[in-house]
>>> print(open('model24.csv').read())   # CSV, C-alpha atoms
chain,number,residue,atom,x,y,z
A,99,MET,CA,73.2,-121.5,61.2
A,100,HIS,CA,74.5,-122.8,57.8
A,101,ARG,CA,77.9,-123.5,59.5
A,102,ALA,CA,76.2,-125.4,62.3
A,103,ALA,CA,74.0,-127.4,59.9
A,104,ALA,CA,77.2,-128.6,58.2
A,105,LEU,CA,78.2,-130.2,61.4
A,106,VAL,CA,75.0,-132.3,61.7
A,107,THR,CA,73.9,-135.4,59.7
A,108,VAL,CA,70.1,-136.0,59.3
A,109,THR,CA,68.5,-139.3,58.3
A,110,ASN,CA,65.2,-141.0,58.3
A,111,ARG,CA,66.7,-144.5,58.4
A,112,LEU,CA,65.5,-145.7,61.7
A,113,ASP,CA,67.3,-148.5,63.6
A,114,PRO,CA,64.9,-149.8,66.2
A,115,ALA,CA,67.9,-150.4,68.5
A,116,ASP,CA,68.5,-146.7,68.8
A,117,VAL,CA,64.9,-145.8,69.9
A,118,PRO,CA,64.9,-146.8,73.6
A,119,ARG,CA,68.2,-144.9,74.3
A,120,LEU,CA,66.9,-141.7,72.5
A,121,LEU,CA,63.6,-141.8,74.2
A,122,GLU,CA,65.2,-142.2,77.6
A,123,ALA,CA,67.4,-139.2,77.0
A,124,ALA,CA,64.6,-137.1,75.7
A,125,GLY,CA,62.2,-138.1,78.4
A,126,ARG,CA,64.5,-136.6,81.1
A,127,VAL,CA,64.0,-133.3,79.4
A,128,ILE,CA,60.5,-133.4,77.9
A,129,GLY,CA,58.7,-135.7,80.2
A,130,ARG,CA,56.5,-138.7,79.3
A,131,LEU,CA,56.8,-139.9,75.7
A,132,ALA,CA,55.4,-142.7,73.6
A,133,THR,CA,56.9,-146.2,74.1
A,134,PRO,CA,59.7,-147.4,71.8
A,135,GLU,CA,57.2,-149.9,70.2
A,136,THR,CA,54.9,-147.1,69.3
A,137,VAL,CA,57.7,-144.9,67.8
A,138,ILE,CA,58.9,-147.9,65.8
A,139,ARG,CA,55.4,-148.6,64.5
A,140,VAL,CA,54.9,-144.9,63.4
A,141,GLY,CA,58.3,-145.0,61.7
A,142,GLU,CA,57.5,-148.2,59.9
A,143,LYS,CA,54.2,-146.7,58.6
A,144,ASN,CA,56.0,-143.8,57.2
A,145,PRO,CA,59.8,-143.3,57.3
A,146,ASP,CA,59.5,-139.6,57.0
A,147,ALA,CA,57.8,-139.5,60.5
A,148,ILE,CA,61.1,-140.1,62.4
A,149,TRP,CA,64.3,-138.2,61.7
A,150,LEU,CA,67.6,-138.9,63.5
A,151,PHE,CA,70.3,-136.3,64.1
A,152,ALA,CA,74.0,-136.9,64.9
A,153,ARG,CA,77.1,-134.8,65.0
A,154,ARG,CA,79.1,-135.3,61.8
A,155,GLY,CA,81.6,-138.1,62.3
A,156,ARG,CA,79.6,-139.9,64.9
A,157,SER,CA,77.8,-143.1,64.1
A,158,ARG,CA,75.1,-143.1,66.8
A,159,PRO,CA,72.2,-140.6,66.6
A,160,GLU,CA,72.0,-138.2,69.5
A,161,GLY,CA,68.8,-136.5,68.8
A,162,PHE,CA,65.6,-136.7,66.8
A,163,MET,CA,62.6,-134.9,65.4
A,164,SER,CA,59.3,-136.8,65.0
A,165,ALA,CA,56.1,-136.0,63.2
A,166,LEU,CA,52.7,-137.5,62.9
A,167,LEU,CA,51.7,-137.4,59.2
A,168,LEU,CA,48.0,-137.3,59.4
A,169,ASN,CA,45.1,-137.8,56.9
A,170,GLU,CA,42.0,-135.7,57.1
A,171,ALA,CA,40.4,-137.8,59.8
A,172,GLY,CA,43.6,-137.7,61.8
A,173,ARG,CA,43.8,-133.9,61.5
A,174,SER,CA,40.3,-133.6,62.9
A,175,ALA,CA,41.1,-136.1,65.6
A,176,LEU,CA,44.2,-134.1,66.6
A,177,LEU,CA,42.2,-130.9,67.0
A,178,ASP,CA,39.2,-132.5,68.7
A,179,GLY,CA,41.3,-134.4,71.2
A,180,THR,CA,40.5,-137.9,70.1
A,181,LEU,CA,43.9,-138.7,68.6
A,182,ASN,CA,45.9,-140.6,71.2
A,183,LEU,CA,49.3,-138.8,71.1
A,184,LEU,CA,51.0,-141.5,73.2
A,185,ASP,CA,49.8,-144.3,70.9
A,186,PRO,CA,48.4,-142.8,67.7
A,187,GLN,CA,45.8,-144.8,65.9
A,188,THR,CA,47.3,-146.3,62.7
A,189,ASP,CA,44.1,-145.4,60.7
A,190,TYR,CA,44.9,-141.7,61.1
A,191,LEU,CA,48.5,-142.0,59.7
A,192,VAL,CA,49.4,-141.8,56.0
A,193,SER,CA,52.1,-144.0,54.4
A,194,GLN,CA,55.0,-142.5,52.5
A,195,HIS,CA,53.2,-142.6,49.1
A,196,GLU,CA,50.1,-140.7,50.4
A,197,ARG,CA,49.8,-137.0,50.8
A,198,PRO,CA,49.0,-135.9,54.4
A,199,ALA,CA,46.4,-133.3,55.4
A,200,ALA,CA,48.5,-132.2,58.4
A,201,ILE,CA,52.0,-132.6,59.8
A,202,TYR,CA,52.0,-132.6,63.6
A,203,VAL,CA,55.3,-132.0,65.2
A,204,TRP,CA,55.1,-134.9,67.7
A,205,ALA,CA,58.3,-134.6,69.7
A,206,SER,CA,61.7,-133.0,69.2
A,207,PHE,CA,65.0,-133.6,71.1
A,208,THR,CA,67.8,-131.7,69.5
A,209,PRO,CA,70.4,-130.6,72.2
A,210,GLY,CA,73.1,-128.1,71.3
A,211,VAL,CA,74.2,-127.9,67.7
A,212,LEU,CA,71.7,-130.7,66.7
A,213,ALA,CA,69.0,-128.1,66.4
A,214,ALA,CA,70.6,-126.9,63.2
A,215,GLY,CA,69.2,-130.1,61.6
A,216,ILE,CA,65.6,-129.1,62.0
A,217,ASN,CA,65.7,-126.9,58.9
A,218,ARG,CA,66.8,-129.9,56.9
A,219,VAL,CA,63.6,-131.8,58.0
A,220,MET,CA,61.4,-128.8,57.3
A,221,ASP,CA,63.0,-128.6,53.8
A,222,ARG,CA,61.7,-132.1,53.3
A,223,PHE,CA,58.2,-131.1,54.5
A,224,ASP,CA,58.3,-128.1,52.1
A,225,SER,CA,58.8,-130.4,49.1
A,226,PRO,CA,55.8,-130.8,46.6
A,227,HIS,CA,54.7,-134.0,48.2
A,228,TYR,CA,54.1,-132.3,51.6
A,229,ALA,CA,53.6,-128.6,50.6
A,230,GLU,CA,49.8,-128.7,50.9
A,231,ALA,CA,49.8,-130.1,54.4
A,232,ASP,CA,49.2,-127.9,57.4
A,233,VAL,CA,52.1,-127.9,59.9
A,234,ILE,CA,50.8,-128.0,63.5
A,235,SER,CA,52.6,-127.9,66.8
A,236,THR,CA,52.1,-127.0,70.4
A,237,SER,CA,54.2,-125.1,73.0
A,238,LEU,CA,53.7,-124.7,76.7
A,239,THR,CA,56.4,-122.1,77.4
A,240,LEU,CA,56.9,-118.4,76.4
A,241,ARG,CA,60.2,-119.3,74.9
A,242,GLY,CA,58.5,-122.0,72.7
A,243,HIS,CA,55.8,-119.5,71.8
A,244,ARG,CA,58.3,-117.0,70.5
A,245,ALA,CA,60.2,-119.7,68.6
A,246,MET,CA,57.0,-120.8,66.9
A,247,VAL,CA,56.2,-117.2,65.9
A,248,ARG,CA,59.7,-116.7,64.5
A,249,ARG,CA,59.3,-119.9,62.4
A,250,GLY,CA,56.1,-118.5,60.9
A,251,PHE,CA,53.6,-120.4,63.0
A,252,GLU,CA,50.3,-118.7,63.8
A,253,HIS,CA,49.1,-118.9,67.4
A,254,GLY,CA,45.7,-120.7,67.6
A,255,VAL,CA,43.7,-122.9,65.3
A,256,TRP,CA,40.0,-122.7,64.3
A,257,HIS,CA,38.3,-126.0,64.3
A,258,GLU,CA,34.5,-126.6,63.9
A,259,GLY,CA,33.7,-123.1,65.2
A,260,ARG,CA,36.1,-123.3,68.2
A,261,PHE,CA,39.4,-121.4,68.6
A,262,LEU,CA,42.1,-123.7,70.0
A,263,GLU,CA,44.8,-121.7,71.8
A,264,ASP,CA,47.0,-124.7,72.6
A,265,PHE,CA,48.0,-125.2,68.9
A,266,TYR,CA,50.2,-123.4,66.5
A,267,MET,CA,49.9,-123.7,62.8
A,268,ILE,CA,51.5,-122.9,59.5
A,269,PRO,CA,48.4,-123.1,57.3
A,270,ARG,CA,49.1,-124.6,53.9
A,271,ARG,CA,46.2,-127.0,53.1
A,272,PRO,CA,44.0,-125.3,50.4
A,273,LYS,CA,40.9,-125.8,52.5
A,274,THR,CA,42.6,-124.3,55.5
A,275,LEU,CA,43.7,-121.3,53.5
A,276,ARG,CA,40.2,-120.7,52.2
A,277,GLU,CA,38.7,-121.0,55.7
A,278,ARG,CA,41.2,-118.9,57.6
A,279,LEU,CA,41.3,-115.8,55.5
A,280,PRO,CA,39.7,-112.9,57.4
A,281,SER,CA,36.8,-111.5,55.4
A,282,TYR,CA,38.6,-108.1,55.3
A,283,ALA,CA,41.7,-109.7,53.7
A,284,THR,CA,40.3,-111.9,50.9
A,285,HIS,CA,41.7,-110.1,47.9
A,286,ASP,CA,44.8,-111.2,45.9
A,287,PRO,CA,45.4,-109.7,42.5
A,288,VAL,CA,46.4,-113.1,41.0
A,289,ILE,CA,44.8,-115.8,43.2
A,290,ARG,CA,41.6,-114.1,44.3
A,291,PRO,CA,40.9,-111.0,42.0
A,292,THR,CA,37.5,-110.6,43.6
A,293,GLY,CA,37.7,-109.8,47.3
A,294,ILE,CA,38.2,-107.2,50.0
A,295,ARG,CA,41.4,-105.7,51.5
A,296,VAL,CA,42.3,-103.0,53.9
A,297,VAL,CA,43.7,-99.9,52.4
A,298,ASN,CA,47.4,-99.6,53.2
A,299,GLY,CA,48.7,-97.3,50.5
A,300,PHE,CA,48.1,-94.2,48.4
A,301,ASP,CA,47.1,-96.1,45.3
A,302,ASP,CA,44.2,-97.9,47.1
A,303,MET,CA,43.2,-94.6,48.7
A,304,MET,CA,42.8,-93.2,45.2
A,305,ARG,CA,40.6,-96.1,44.3
A,306,VAL,CA,38.5,-95.4,47.4
A,307,ALA,CA,38.2,-91.7,46.4
A,308,ALA,CA,37.2,-92.7,42.9
A,309,VAL,CA,34.4,-95.0,44.1
A,310,ARG,CA,33.0,-92.4,46.6
A,311,SER,CA,33.3,-89.6,44.0
A,312,ALA,CA,31.3,-91.7,41.5
A,313,VAL,CA,28.6,-92.6,44.1
A,314,TYR,CA,28.3,-89.6,46.3
A,315,ILE,CA,29.4,-86.7,44.2
A,316,GLY,CA,28.4,-88.0,40.8
A,317,GLU,CA,25.1,-89.7,41.7
A,318,GLN,CA,23.9,-87.8,44.8
A,319,ALA,CA,25.5,-84.4,44.0
A,320,CYS,CA,27.2,-84.2,47.4
A,321,PRO,CA,29.5,-81.2,47.7
A,322,TYR,CA,33.2,-82.2,47.6
A,323,ASP,CA,34.0,-80.7,51.0
A,324,GLU,CA,31.1,-82.6,52.6
A,325,GLU,CA,32.1,-85.9,51.1
A,326,PHE,CA,35.8,-85.6,51.9
A,327,ASP,CA,35.3,-84.2,55.3
A,328,GLY,CA,38.7,-84.3,56.8
A,329,ASN,CA,38.4,-87.7,58.5
A,330,ASP,CA,39.8,-89.9,55.8
A,331,LEU,CA,43.4,-89.8,57.1
A,332,ALA,CA,42.2,-90.7,60.6
A,333,ALA,CA,40.2,-93.8,59.5
A,334,THR,CA,40.6,-97.3,58.3
A,335,HIS,CA,39.2,-98.0,54.8
A,336,LEU,CA,38.1,-101.3,53.2
A,337,LEU,CA,38.2,-101.6,49.5
A,338,ALA,CA,36.2,-104.2,47.6
A,339,LEU,CA,37.4,-105.3,44.1
A,340,ILE,CA,35.7,-107.4,41.4
A,341,ASP,CA,38.2,-108.8,38.9
A,342,ASN,CA,40.7,-106.3,40.3
A,343,GLU,CA,38.3,-103.4,39.5
A,344,PRO,CA,37.4,-101.1,42.5
A,345,ALA,CA,33.8,-101.9,43.2
A,346,GLY,CA,33.0,-100.5,46.6
A,347,CYS,CA,34.4,-99.2,49.9
A,348,MET,CA,33.7,-98.6,53.5
A,349,ARG,CA,35.2,-96.3,56.1
A,350,LEU,CA,35.8,-97.2,59.8
A,351,ARG,CA,36.7,-94.9,62.6
A,352,PHE,CA,37.6,-96.0,66.1
A,353,PHE,CA,36.7,-94.3,69.4
A,354,GLY,CA,37.2,-95.3,73.0
A,355,GLU,CA,34.1,-97.4,73.5
A,356,PHE,CA,32.8,-98.0,70.0
A,357,ALA,CA,33.7,-98.2,66.3
A,358,LYS,CA,31.8,-96.2,63.7
A,359,LEU,CA,30.9,-97.7,60.3
A,360,GLU,CA,30.4,-95.1,57.6
A,361,ARG,CA,30.7,-94.0,53.9
A,362,LEU,CA,29.6,-97.4,52.5
A,363,ALA,CA,29.6,-96.9,48.7
A,364,VAL,CA,29.2,-99.4,45.8
A,365,ARG,CA,29.5,-98.3,42.2
A,366,LYS,CA,26.3,-98.5,40.2
A,367,GLU,CA,27.5,-101.2,37.8
A,368,PHE,CA,28.3,-103.5,40.8
A,369,ARG,CA,25.1,-103.2,42.8
A,370,LYS,CA,23.6,-106.4,41.7
A,371,SER,CA,26.5,-108.2,43.4
A,372,ARG,CA,26.8,-108.9,47.1
A,373,THR,CA,29.5,-106.3,47.5
A,374,ALA,CA,27.6,-104.1,50.0
A,375,PHE,CA,26.8,-107.1,52.2
A,376,GLU,CA,30.4,-108.4,52.1
A,377,LEU,CA,31.8,-104.9,53.0
A,378,VAL,CA,29.6,-104.7,56.0
A,379,ARG,CA,30.4,-108.2,57.2
A,380,ALA,CA,34.1,-107.5,56.6
A,381,SER,CA,33.9,-104.3,58.6
A,382,VAL,CA,32.2,-106.0,61.5
A,383,ALA,CA,34.9,-108.7,61.4
A,384,LEU,CA,37.7,-106.2,61.5
A,385,CYS,CA,36.0,-104.4,64.5
A,386,ARG,CA,35.8,-107.7,66.3
A,387,GLU,CA,39.5,-108.4,65.7
A,388,LYS,CA,40.3,-105.0,67.1
A,389,GLY,CA,38.4,-106.0,70.2
A,390,TYR,CA,35.3,-103.8,69.9
A,391,SER,CA,31.9,-104.8,71.2
A,392,ARG,CA,29.8,-101.8,70.2
A,393,LEU,CA,29.2,-100.4,66.7
A,394,TYR,CA,27.6,-97.1,65.8
A,395,GLY,CA,26.5,-95.7,62.5
A,396,HIS,CA,24.2,-93.3,60.6
A,397,ALA,CA,21.6,-94.8,58.2
A,398,ARG,CA,19.6,-92.9,55.7
A,399,GLU,CA,16.0,-93.5,56.7
A,400,ASP,CA,15.2,-95.4,53.4
A,401,TYR,CA,18.3,-97.6,53.9
A,402,LEU,CA,17.5,-98.6,57.5
A,403,PRO,CA,16.2,-102.1,56.6
A,404,PHE,CA,19.5,-102.9,55.0
A,405,TRP,CA,21.4,-102.2,58.3
A,406,GLN,CA,18.8,-104.0,60.4
A,407,HIS,CA,19.6,-107.1,58.4
A,408,PHE,CA,23.0,-107.1,60.2
A,409,GLY,CA,21.5,-106.6,63.6
A,410,PHE,CA,21.6,-102.8,63.9
A,411,LYS,CA,18.9,-101.2,65.9
A,412,LEU,CA,17.8,-97.6,66.3
A,413,LYS,CA,19.6,-95.7,69.0
A,414,GLU,CA,17.3,-95.0,72.0
A,415,ASN,CA,16.2,-91.4,72.2
A,416,GLY,CA,18.0,-90.7,68.9
A,417,ALA,CA,16.0,-88.2,66.8
A,418,PRO,CA,16.4,-88.1,63.0
A,419,PHE,CA,18.8,-85.5,61.8
A,420,ALA,CA,19.9,-84.1,58.4
A,421,PHE,CA,23.1,-83.5,56.5
A,422,SER,CA,24.1,-83.4,52.9
A,423,ASP,CA,20.4,-83.1,51.9
A,424,HIS,CA,19.3,-86.4,53.4
A,425,VAL,CA,17.7,-87.4,56.7
A,426,PHE,CA,19.6,-89.9,58.8
A,427,VAL,CA,19.0,-92.0,62.0
A,428,GLU,CA,21.4,-93.2,64.5
A,429,MET,CA,21.9,-96.9,64.9
A,430,LEU,CA,23.8,-99.3,67.2
A,431,ASP,CA,24.8,-102.9,67.3
A,432,THR,CA,26.4,-105.1,69.9
A,433,ILE,CA,29.0,-107.7,68.8
A,434,GLU,CA,31.3,-110.2,70.4
A,435,PRO,CA,35.0,-109.4,70.2
A,436,SER,CA,37.0,-112.1,68.3
A,437,PRO,CA,38.7,-114.8,70.4
A,438,THR,CA,41.9,-113.7,68.6
A,439,ALA,CA,41.3,-109.9,69.2
A,440,LEU,CA,44.3,-107.8,69.5
A,441,SER,CA,45.5,-107.3,73.1
A,442,LEU,CA,48.5,-106.6,75.3
A,443,ARG,CA,48.8,-110.3,75.7
A,444,ASP,CA,49.8,-110.7,72.1
A,445,ASP,CA,53.3,-111.2,70.9
A,446,PRO,CA,54.8,-107.7,70.2
A,447,TYR,CA,55.4,-108.7,66.5
A,448,ARG,CA,51.6,-109.0,65.9
A,449,LEU,CA,51.0,-105.5,67.2
A,450,ILE,CA,53.3,-103.9,64.7
A,451,ARG,CA,51.9,-105.7,61.7
A,452,PRO,CA,50.1,-103.6,59.0
A,453,GLU,CA,46.4,-102.8,59.7
A,454,GLY,CA,44.2,-105.7,58.8
A,455,ALA,CA,47.1,-108.1,58.3
A,456,TRP,CA,47.4,-109.3,61.8
A,457,HIS,CA,47.0,-112.9,60.7
A,458,VAL,CA,50.4,-113.1,58.7
A,459,PRO,CA,54.0,-112.1,59.6
A,460,GLY,CA,54.7,-108.5,58.8
A,461,PRO,CA,57.7,-106.8,57.3
A,462,LEU,CA,59.1,-105.6,60.6
A,463,GLU,CA,59.4,-109.2,61.8
A,464,LEU,CA,62.2,-109.7,59.4
A,465,SER,CA,64.3,-107.2,61.4
A,466,ALA,CA,64.4,-109.8,64.2
A,467,ALA,CA,67.2,-111.4,62.3
A,468,ARG,CA,69.3,-108.3,63.0
A,469,GLN,CA,68.9,-108.7,66.8
A,470,ALA,CA,72.4,-110.2,67.2
A,471,HIS,CA,73.9,-106.9,66.0
A,472,LEU,CA,72.1,-104.7,68.5
A,473,PRO,CA,74.1,-103.4,71.5
A,474,SER,CA,73.3,-105.0,74.8
A,475,PRO,CA,70.8,-103.0,76.9
A,476,GLN,CA,72.2,-101.1,79.8
A,477,ILE,CA,70.5,-101.6,83.1
>>> encode(input="model24.csv", output="structure tokens")
Amino acid sequence: MHRAAALVTVTNRLDPADVPRLLEAAGRVIGRLATPETVIRVGEKNPDAIWLFARRGRSRPEGFMSALLLNEAGRSALLDGTLNLLDPQTDYLVSQHERPAAIYVWASFTPGVLAAGINRVMDRFDSPHYAEADVISTSLTLRGHRAMVRRGFEHGVWHEGRFLEDFYMIPRRPKTLRERLPSYATHDPVIRPTGIRVVNGFDDMMRVAAVRSAVYIGEQACPYDEEFDGNDLAATHLLALIDNEPAGCMRLRFFGEFAKLERLAVRKEFRKSRTAFELVRASVALCREKGYSRLYGHAREDYLPFWQHFGFKLKENGAPFAFSDHVFVEMLDTIEPSPTALSLRDDPYRLIRPEGAWHVPGPLELSAARQAHLPSPQI
């Protein structure tokens, strides 16, 4: 790729005389595009919107990449469908000295080796001036979908409570990053030291064990063999941290038709916080993302009102029962699976990401770069 990039020149110096010829060539491949007058207008508003590619040594550009550099209103208009993509409203575009809220990949025509120039444009859009703008695109083909995923785009965009499957996005705008984090993946030791994460390692499993030992064994005198009942290694665990200190945890187990929420524990010193509520909400969100619509759990009789707050109801014909010196009742809840729930329709890379990290590229996706060295499959 570096060798190919050296064969391509990239510039944002638009000569209006080149536009009709380039659009005509691109239109034969892409279909209907904006008029030359519109493209020139967008380029005059912000030179960084139109980039021209040529093979080194040739004076005339042979390809291009264009972007709409949108303000907040323009970003919303793009997602709600009121932005005219064939003739974008000038009020939605930023000038070169303004920071955009979104960079929409408008059209790209880069035949052959010219595609190597795209990374040069993306480097410009990674500069500090543009680094906090979401990068948004669309794709109508499976090949395009896979290319988007490989470039780090996420499939689908949330906008005003709706999930828009036609868009792909690299979220970078601070507001977008805050809104898009799943409630079960909000903890970062540096940026967000108070939050929740899915347990993916032995150290976090030790933190879970410490919280449950303090609550169930220390406070409630639960025997060790009853608290650590042999199901921990067959479950998903959520860990809540406050200022990076383990504060609470929850265990989830998954069955064919339902998911079971259990072992909710919050250390005594953190019970004035909203940790217990946040753990339940995060657990429900994780179950929705895994595609479940039925939740099951056991509530101590005196804690039933807490669970009813989330919509849980007593299981029909379920009689109270006892274990570990307390009386429990069975409870059920019905939920809607997430619009982005894991399914066989997903790109295979998403299905091999770590548990609870389905919203970001995983470590195994890096191995795609080694694909060229794999032997050809034998048929």
>>> residues_around(input="model24.csv", residues="Arg379 in chain A", least_positions_apart="6", cutoff="12 Å", atoms="all atoms listed in the file", output="PDB file with C-alpha atoms, keeping the file's coordinate frame")
ATOM      1  CA  PRO A 280      39.700-112.900  57.400  1.00  0.00           C
ATOM      2  CA  SER A 281      36.800-111.500  55.400  1.00  0.00           C
ATOM      3  CA  TYR A 282      38.600-108.100  55.300  1.00  0.00           C
ATOM      4  CA  ALA A 283      41.700-109.700  53.700  1.00  0.00           C
ATOM      5  CA  ILE A 294      38.200-107.200  50.000  1.00  0.00           C
ATOM      6  CA  LEU A 336      38.100-101.300  53.200  1.00  0.00           C
ATOM      7  CA  ALA A 338      36.200-104.200  47.600  1.00  0.00           C
ATOM      8  CA  MET A 348      33.700 -98.600  53.500  1.00  0.00           C
ATOM      9  CA  LEU A 359      30.900 -97.700  60.300  1.00  0.00           C
ATOM     10  CA  LEU A 362      29.600 -97.400  52.500  1.00  0.00           C
ATOM     11  CA  ARG A 372      26.800-108.900  47.100  1.00  0.00           C
ATOM     12  CA  THR A 373      29.500-106.300  47.500  1.00  0.00           C
ATOM     13  CA  CYS A 385      36.000-104.400  64.500  1.00  0.00           C
ATOM     14  CA  ARG A 386      35.800-107.700  66.300  1.00  0.00           C
ATOM     15  CA  TRP A 405      21.400-102.200  58.300  1.00  0.00           C
ATOM     16  CA  HIS A 407      19.600-107.100  58.400  1.00  0.00           C
ATOM     17  CA  PHE A 408      23.000-107.100  60.200  1.00  0.00           C
ATOM     18  CA  GLY A 409      21.500-106.600  63.600  1.00  0.00           C
ATOM     19  CA  ILE A 433      29.000-107.700  68.800  1.00  0.00           C
TER      20      ILE A 433
END
>>> closest_residue(input="model24.csv", among="A:Arg244, A:His335, A:His195, A:His257", to="Met304 in chain A", atoms="all atoms listed in the file")
A:His335
>>> atom_distance(input="model24.csv", atom1="CA of Val140 in chain A", atom2="CA of Thr180 in chain A")
17.4 Å
>>> residues_around(input="model24.csv", residues="Cys320 in chain A", least_positions_apart="4", cutoff="12 Å", atoms="only C-alpha atoms", output="PDB file with C-alpha atoms, in the coordinates of the input")
ATOM      1  CA  ARG A 310      33.000 -92.400  46.600  1.00  0.00           C
ATOM      2  CA  SER A 311      33.300 -89.600  44.000  1.00  0.00           C
ATOM      3  CA  ALA A 312      31.300 -91.700  41.500  1.00  0.00           C
ATOM      4  CA  VAL A 313      28.600 -92.600  44.100  1.00  0.00           C
ATOM      5  CA  TYR A 314      28.300 -89.600  46.300  1.00  0.00           C
ATOM      6  CA  ILE A 315      29.400 -86.700  44.200  1.00  0.00           C
ATOM      7  CA  GLY A 316      28.400 -88.000  40.800  1.00  0.00           C
ATOM      8  CA  GLU A 324      31.100 -82.600  52.600  1.00  0.00           C
ATOM      9  CA  GLU A 325      32.100 -85.900  51.100  1.00  0.00           C
ATOM     10  CA  PHE A 326      35.800 -85.600  51.900  1.00  0.00           C
ATOM     11  CA  ASP A 327      35.300 -84.200  55.300  1.00  0.00           C
ATOM     12  CA  PHE A 421      23.100 -83.500  56.500  1.00  0.00           C
ATOM     13  CA  SER A 422      24.100 -83.400  52.900  1.00  0.00           C
ATOM     14  CA  ASP A 423      20.400 -83.100  51.900  1.00  0.00           C
ATOM     15  CA  HIS A 424      19.300 -86.400  53.400  1.00  0.00           C
TER      16      HIS A 424
END
>>> atom_distance(input="model24.csv", atom1="CA of Leu440 in chain A", atom2="CA of Ala307 in chain A")
28.8 Å
>>> closest_atom_pairs(input="model24.csv", of="range 124-198 of chain A", to="range 269-278 of chain A", cutoff="12 Å", atoms="all atoms listed in the file", output="tab-separated table")
residue	atom	partner	partner_atom	distance
A:Asn169	CA	A:Arg271	CA	11.5
A:Glu170	CA	A:Arg271	CA	10.5
A:Arg173	CA	A:Arg271	CA	11.1
A:Arg197	CA	A:Arg271	CA	10.9
A:Pro198	CA	A:Arg271	CA	9.4
>>> atom_distance(input="model24.csv", atom1="CA of Pro291 in chain A", atom2="CA of Ile450 in chain A")
26.8 Å
>>> residues_around(input="model24.csv", residues="Asn329 in chain A", least_positions_apart="4", cutoff="12 Å", atoms="only C-alpha atoms", output="number ranges by chain")
A: 323-325, 333-335, 349-352, 358, 360-361
>>> closest_residue(input="model24.csv", among="A:Met163, A:Ala439, A:Cys347, A:Ala363", to="Gly141 in chain A", atoms="only C-alpha atoms")
A:Met163
>>> residues_around(input="model24.csv", residues="Asp116 in chain A", least_positions_apart="3", cutoff="8 Å", atoms="all atoms listed in the file", output="PyMOL selection string")
chain A and resi 112-113+119-120+158-159
>>> residues_around(input="model24.csv", residues="Gly125 in chain A", least_positions_apart="5", cutoff="12 Å", atoms="all atoms listed in the file", output="PDB file with C-alpha atoms, in the coordinates of the input")
ATOM      1  CA  VAL A 117      64.900-145.800  69.900  1.00  0.00           C
ATOM      2  CA  PRO A 118      64.900-146.800  73.600  1.00  0.00           C
ATOM      3  CA  ARG A 119      68.200-144.900  74.300  1.00  0.00           C
ATOM      4  CA  LEU A 120      66.900-141.700  72.500  1.00  0.00           C
ATOM      5  CA  ARG A 130      56.500-138.700  79.300  1.00  0.00           C
ATOM      6  CA  LEU A 131      56.800-139.900  75.700  1.00  0.00           C
ATOM      7  CA  ALA A 132      55.400-142.700  73.600  1.00  0.00           C
ATOM      8  CA  THR A 133      56.900-146.200  74.100  1.00  0.00           C
ATOM      9  CA  PRO A 134      59.700-147.400  71.800  1.00  0.00           C
ATOM     10  CA  GLY A 161      68.800-136.500  68.800  1.00  0.00           C
ATOM     11  CA  ALA A 205      58.300-134.600  69.700  1.00  0.00           C
ATOM     12  CA  SER A 206      61.700-133.000  69.200  1.00  0.00           C
ATOM     13  CA  PHE A 207      65.000-133.600  71.100  1.00  0.00           C
TER      14      PHE A 207
END
>>> closest_residue(input="model24.csv", among="A:Ser441, A:Ser174, A:Thr109, A:Asn182", to="Trp256 in chain A", atoms="all atoms listed in the file")
A:Ser174
>>> closest_residue(input="model24.csv", among="A:Asp444, A:Asp302, A:Glu434, A:Asp146", to="Met220 in chain A", atoms="all atoms listed in the file")
A:Asp146
>>> closest_residue(input="model24.csv", among="A:Arg443, A:Glu343, A:Ala245, A:Ala123", to="Ala466 in chain A", atoms="only C-alpha atoms")
A:Ala245
